[in-house]
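**Student:** Mind having a look at this structure? Questions to follow.
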Amino acid sequence: MPYLAINGGPRTVPEGAIRPWPPVDDTDRAAVLASLAGTNHAFGPNCVAFQEEFAAWNGNAFAVATNSGTAALHMCLAAVGCGCGDEVIVPAYSWSSSATCVLHHNAIPVFVDIRFDTMNIDPDRIEAAITERTKAIIVVHLHGLPAEMDAILAIARRHGLAVIEDACQAHGATYRGRRVGTIGDCAAFSFNQNKCLCSGEGGMFVTDRQDLVEKARMLWSFGETRTPVEARDYHAYALGWMYRMSDLVAAFGRAELKKLDDYLAVIAENARAFLDEIEGAPGLILPTIPDGCGTNWYNLMVRLDMASFGWNGPPVEFRNRFLKALLAEGADAGCYQRFILPAMTVFQAKNAYGSGCPWRCGRDVSYDPSAFPEAQRHTDTHIGMTTPLRPPNTPETARLVARAFRKVAEHADELTR
Ligand SMILES: *Cc1c(COP(=O)(O)O)cnc(C)c1O
């Protein structure tokens, strides 16, 4: 008799038990309808208020509302004065735009491997990647776990580099008691569908420095030097993009921001329930949270210890079978990234701006994927989960999903024979 649902056994998580993210209630509906009843649907009063409220919530002096986290990242590169052919250090494992934002600014990403335990950039490998052309380090607080900022800031100071925080997944995460996004020179947040603060699409550039916000704003709105709420002279002073947020999106984002602290508390409680229920299941590597780091549990990662399952084949093959079995159990889990960043075609083929740009403007760096073994090992063995830990889901939902992981782990012989 098979135990696993994928082989005809009973399923662990009942149909409909996992509810979708984000919860939308009457406060969201009222806010969006009020925006619709107004007269400025472009960068309007909700955008101005959202900037102020988000800056206050996170503890930043300045915030600029954007139409994506990627736009905010691109603005970070402009803010720190990155130029054509300059090099920027980026972790080898992240969302693609943590690195393509560098290409957007005609600069060159140089990858550094991650630490397997934290999944964040390995500070011990950063200095070997620094050259006389290096301008900045992009640190990603991946899955809501802060990177090792003390070590990274010390390296940056030693070499005169700017530090950009990709906080797109890390709303509310803390490093030694400080909110991420307040530690480096400037930072980017995302309000995409999946993030802990969802406005549909959207993002926020934040900084505490007046000079940086001024440079970022030039890129944000057609290369103009005035914001859409001031008297504009409609003059392009620099090469600009159109990265502004719309009022409807800001209205939704503001309504969700009011609920964000409650959301983060529920996510933390659900994560604790998941970890409590899964403890002791065989072959699973559970997250480690270093001292001084407060994660927001954006995406809870479980890695498979191939040797303990007696699997000698390609790790990806077993991970994929494990994931399929989990999905059959009704667990809403998934693979976050199937490729490390340097292995992606845009870097392998160097097909960014064409004609060899930006590499022709600087150094022709190597993107040999074999130089990033920790990132590869993580990519090949991970399974992550977001929605089951998010409200309106409860600790009971999280425990059900943990039971699905445990069941597949305990009956993994059904996957290998
Ligand atoms: C989501 C995300 C981004 C991009 O944000 P968008 O709003 O989708 O442009 C960048 N970096 C990381 C780590 C992300 O998770």
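How things are named: the first chain in the structure tokens is A, the next is B, and so on; residues count from 1 in each chain; ligands count from 1 in the order shown.
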Using only C-alpha atoms and all ligand atoms, what does the table of chain A residues within 7 Å of ligand 1 look like, with each row giving the shortest atom pair and its distance in Å to one decimal, sorted by chain and ascending number, as CSV?
**Tutor:**
```
residue,atom,partner,partner_atom_place_in_ligand_line,distance
A:Ser68,CA,ligand 1,7 (O),3.8
A:Gly69,CA,ligand 1,7 (O),3.5
A:Thr70,CA,ligand 1,9 (O),3.7
A:Ala71,CA,ligand 1,9 (O),6.4
A:Ser94,CA,ligand 1,13 (C),5.6
A:Trp95,CA,ligand 1,13 (C),4.8
A:Ser97,CA,ligand 1,10 (C),5.3
A:Ser98,CA,ligand 1,11 (N),4.9
A:Val140,CA,ligand 1,13 (C),6.0
A:Leu142,CA,ligand 1,13 (C),5.9
A:Asp166,CA,ligand 1,11 (N),5.9
A:Ala167,CA,ligand 1,13 (C),6.8
A:Cys168,CA,ligand 1,14 (C),4.7
A:Gln169,CA,ligand 1,15 (O),4.9
A:Ser190,CA,ligand 1,7 (O),4.2
A:Phe191,CA,ligand 1,7 (O),5.8
A:Asn192,CA,ligand 1,7 (O),4.8
A:Glu201,CA,ligand 1,7 (O),6.0
A:Gly202,CA,ligand 1,7 (O),5.5
A:Gly203,CA,ligand 1,7 (O),5.6
```
**Student:** Residues as selected, all heavy atoms, written as a CSV table (one decimal), in the first residue's frame, can you do that?
**Tutor:**
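Full text of selection_9.csv as output:
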```csv
chain,number,residue,atom,x,y,z
A,68,SER,N,8.0,49.6,-9.3
A,68,SER,CA,8.6,48.3,-9.0
A,68,SER,C,9.8,48.4,-8.1
A,68,SER,O,10.4,49.4,-8.0
A,68,SER,CB,8.9,47.5,-10.3
A,68,SER,OG,10.2,48.1,-10.8
A,69,GLY,N,10.1,47.2,-7.5
A,69,GLY,CA,11.3,47.1,-6.7
A,69,GLY,C,12.5,47.3,-7.6
A,69,GLY,O,13.6,47.8,-7.2
A,70,THR,N,12.4,46.7,-8.8
A,70,THR,CA,13.5,46.8,-9.8
A,70,THR,C,13.9,48.2,-10.2
A,70,THR,O,15.0,48.6,-10.2
A,70,THR,CB,13.2,46.0,-11.1
A,70,THR,OG1,12.9,44.6,-10.7
A,70,THR,CG2,14.3,46.0,-12.1
A,71,ALA,N,12.8,49.1,-10.4
A,71,ALA,CA,13.0,50.5,-10.6
A,71,ALA,C,13.8,51.1,-9.5
A,71,ALA,O,14.7,51.9,-9.7
A,71,ALA,CB,11.7,51.2,-10.9
A,94,SER,N,20.0,35.1,-6.3
A,94,SER,CA,19.0,36.0,-5.9
A,94,SER,C,17.9,36.1,-7.0
A,94,SER,O,18.0,35.3,-7.9
A,94,SER,CB,19.6,37.4,-5.7
A,94,SER,OG,18.6,38.4,-5.3
A,95,TRP,N,17.0,37.0,-6.9
A,95,TRP,CA,16.1,37.3,-8.0
A,95,TRP,C,16.9,38.0,-9.1
A,95,TRP,O,17.9,38.7,-8.9
A,95,TRP,CB,15.0,38.3,-7.5
A,95,TRP,CG,14.0,38.5,-8.6
A,95,TRP,CD1,13.8,39.7,-9.3
A,95,TRP,CD2,13.1,37.6,-9.2
A,95,TRP,NE1,12.8,39.6,-10.2
A,95,TRP,CE2,12.3,38.3,-10.2
A,95,TRP,CE3,12.8,36.3,-8.9
A,95,TRP,CZ2,11.3,37.6,-10.9
A,95,TRP,CZ3,11.8,35.6,-9.6
A,95,TRP,CH2,11.1,36.3,-10.6
A,97,SER,N,16.7,40.5,-11.0
A,97,SER,CA,16.9,42.0,-11.1
A,97,SER,C,17.8,42.5,-10.1
A,97,SER,O,18.2,43.7,-10.2
A,97,SER,CB,15.6,42.7,-11.2
A,97,SER,OG,14.8,42.6,-10.0
A,98,SER,N,18.2,41.7,-9.1
A,98,SER,CA,19.3,42.2,-8.1
A,98,SER,C,20.6,42.4,-8.9
A,98,SER,O,21.4,43.2,-8.5
A,98,SER,CB,19.6,41.1,-7.1
A,98,SER,OG,18.4,40.8,-6.3
A,140,VAL,N,21.7,41.5,-0.7
A,140,VAL,CA,20.3,41.1,-0.8
A,140,VAL,C,20.0,40.5,0.6
A,140,VAL,O,20.8,39.6,1.0
A,140,VAL,CB,20.1,40.1,-1.9
A,140,VAL,CG1,18.6,39.8,-2.0
A,140,VAL,CG2,20.6,40.7,-3.2
A,142,LEU,N,18.1,38.1,1.5
A,142,LEU,CA,17.3,37.1,0.8
A,142,LEU,C,16.3,36.4,1.7
A,142,LEU,O,16.7,35.9,2.8
A,142,LEU,CB,18.2,36.1,0.0
A,142,LEU,CG,17.5,35.4,-1.1
A,142,LEU,CD1,17.1,36.3,-2.2
A,142,LEU,CD2,18.3,34.2,-1.6
A,166,ASP,N,19.3,45.5,-1.2
A,166,ASP,CA,18.1,45.0,-1.9
A,166,ASP,C,17.2,44.4,-0.8
A,166,ASP,O,17.5,43.2,-0.4
A,166,ASP,CB,18.5,43.9,-2.9
A,166,ASP,CG,17.3,43.3,-3.6
A,166,ASP,OD1,16.2,43.5,-3.1
A,166,ASP,OD2,17.5,42.7,-4.7
A,167,ALA,N,16.3,45.2,-0.3
A,167,ALA,CA,15.4,44.8,0.8
A,167,ALA,C,14.0,44.4,0.2
A,167,ALA,O,13.0,44.4,1.0
A,167,ALA,CB,15.3,45.9,1.8
A,168,CYS,N,14.0,44.0,-1.0
A,168,CYS,CA,12.7,43.7,-1.7
A,168,CYS,C,11.9,42.6,-1.0
A,168,CYS,O,10.7,42.6,-1.1
A,168,CYS,CB,13.0,43.4,-3.2
A,168,CYS,SG,13.4,44.8,-4.2
A,169,GLN,N,12.6,41.7,-0.3
A,169,GLN,CA,11.9,40.6,0.4
A,169,GLN,C,11.9,40.8,1.9
A,169,GLN,O,11.4,40.0,2.6
A,169,GLN,CB,12.6,39.3,0.1
A,169,GLN,CG,12.7,38.9,-1.4
A,169,GLN,CD,13.2,37.6,-1.6
A,169,GLN,OE1,13.7,36.9,-0.7
A,169,GLN,NE2,13.2,37.1,-2.9
A,190,SER,N,10.2,46.1,-2.5
A,190,SER,CA,9.2,45.8,-3.6
A,190,SER,C,7.9,45.6,-2.9
A,190,SER,O,7.8,45.1,-1.8
A,190,SER,CB,9.6,44.5,-4.3
A,190,SER,OG,8.6,44.0,-5.1
A,191,PHE,N,6.8,46.0,-3.6
A,191,PHE,CA,5.4,45.7,-3.1
A,191,PHE,C,4.7,44.8,-4.1
A,191,PHE,O,3.5,44.9,-4.3
A,191,PHE,CB,4.7,47.0,-3.0
A,191,PHE,CG,5.4,48.0,-2.1
A,191,PHE,CD1,5.5,49.4,-2.5
A,191,PHE,CD2,6.0,47.6,-0.9
A,191,PHE,CE1,6.1,50.3,-1.7
A,191,PHE,CE2,6.7,48.6,-0.1
A,191,PHE,CZ,6.8,49.9,-0.5
A,192,ASN,N,5.4,44.0,-4.8
A,192,ASN,CA,4.9,43.0,-5.8
A,192,ASN,C,3.9,42.1,-5.1
A,192,ASN,O,3.9,41.9,-3.8
A,192,ASN,CB,6.1,42.3,-6.4
A,192,ASN,CG,5.7,41.0,-7.1
A,192,ASN,OD1,5.7,39.9,-6.4
A,192,ASN,ND2,5.3,41.1,-8.3
A,201,GLU,N,1.7,45.7,-8.0
A,201,GLU,CA,3.2,45.9,-8.3
A,201,GLU,C,3.5,47.2,-7.6
A,201,GLU,O,2.7,48.0,-7.2
A,201,GLU,CB,3.4,46.1,-9.8
A,201,GLU,CG,2.9,44.9,-10.7
A,201,GLU,CD,3.8,43.8,-10.7
A,201,GLU,OE1,4.8,43.7,-9.9
A,201,GLU,OE2,3.6,42.9,-11.5
A,202,GLY,N,4.8,47.5,-7.5
A,202,GLY,CA,5.2,48.7,-6.9
A,202,GLY,C,6.5,48.6,-6.1
A,202,GLY,O,7.0,47.4,-5.9
A,203,GLY,N,7.1,49.7,-5.7
A,203,GLY,CA,8.3,49.6,-4.9
A,203,GLY,C,8.6,50.9,-4.2
A,203,GLY,O,7.8,51.9,-4.4
```
**Student:** If you take only C-alpha atoms and a cut-off of 8 Å, which residues of region 187-250 of chain A touch region 17-24 of chain A, and what are their nearest atom pairs and distances in Å to one decimal, in chain and number order, as a tab-separated table?
**Tutor:**
```
residue	atom	partner	partner_atom	distance
A:Gln193	CA	A:Pro22	CA	7.8
A:Asn194	CA	A:Trp21	CA	7.6
A:Cys198	CA	A:Pro22	CA	7.0
```
**Student:** Any chance you could export the current selection's N, CA, C and O atoms as a PDB file, in the first residue's frame?
**Tutor:**
```pdb
ATOM      1  N   GLN A 193       3.054  41.417  -5.788  1.00  0.00           N
ATOM      2  CA  GLN A 193       2.060  40.451  -5.304  1.00  0.00           C
ATOM      3  C   GLN A 193       2.562  39.553  -4.161  1.00  0.00           C
ATOM      4  O   GLN A 193       1.864  39.335  -3.181  1.00  0.00           O
ATOM      5  N   ASN A 194       3.779  39.027  -4.294  1.00  0.00           N
ATOM      6  CA  ASN A 194       4.241  38.009  -3.346  1.00  0.00           C
ATOM      7  C   ASN A 194       4.885  38.579  -2.094  1.00  0.00           C
ATOM      8  O   ASN A 194       5.166  37.847  -1.158  1.00  0.00           O
ATOM      9  N   CYS A 198       1.953  44.038  -0.183  1.00  0.00           N
ATOM     10  CA  CYS A 198       1.546  43.912  -1.589  1.00  0.00           C
ATOM     11  C   CYS A 198       0.679  45.087  -1.997  1.00  0.00           C
ATOM     12  O   CYS A 198      -0.334  45.376  -1.366  1.00  0.00           O
TER      13      CYS A 198
END
```
**Student:** Kindly indicate which residue among A:Arg390, A:Arg403, A:Arg176, A:Lys195 lies nearest to Gly330 (chain A), using only C-alpha atoms for the distances.
**Tutor:**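 The shortest atom-to-atom distance to Gly330 (chain A) comes from A:Arg403.
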**Student:** Residues near region 273-285 of chain A, anyone? I mean within 7 Å using only C-alpha atoms, not counting same-chain ones fewer than 5 positions away, as a list in words.
**Tutor:**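 Surrounding residues, per the criterion: Val302, Arg303, Leu304, Asp305, Ser308, Phe309, Pro395, Ala398, Arg399, Ala402, Arg403, Arg406, Ala409 and Glu410 of chain A.
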**Student:** Leaving out Val365 (chain A) and any residue of its chain fewer than 5 positions from it, which residues lie within 9 Å of it when counting only C-alpha atoms, given as a PDB file with C-alpha atoms, in the first residue's frame?
**Tutor:**
```
ATOM      1  CA  ILE A 108      29.002  45.361 -14.764  1.00  0.00           C
ATOM      2  CA  PRO A 109      27.816  42.833 -12.154  1.00  0.00           C
ATOM      3  CA  VAL A 110      30.585  40.807 -10.499  1.00  0.00           C
ATOM      4  CA  TRP A 359      31.382  44.797 -20.631  1.00  0.00           C
TER       5      TRP A 359
END
```
**Student:** Quick one: residues within 6 Å of region 207-219 of chain A, only C-alpha atoms, excluding same-chain residues fewer than 4 positions away - as a list in words?
**Tutor:**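 Those residues are Asn60, Ala61, Phe62, Met75, Ala78, Ala79, Cys186, Gly223, Glu224, Thr225, Gly240 and Trp241 of chain A.
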**Student:** Can you tell me how far CA of Phe318 (chain A) sits from CA of Gly8 (chain A), in Å to one decimal?
**Tutor:**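 Separation between CA of Phe318 (chain A) and CA of Gly8 (chain A): 19.3 Å.
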**Student:** If you run DSSP over the backbone, which residues in region 27-228 of chain A end up alpha helix (DSSP H)? Put them as an MDAnalysis selection string.
**Tutor:** chainID A and resid 27:37 45:58 69:79 97:104 149:159 210:220
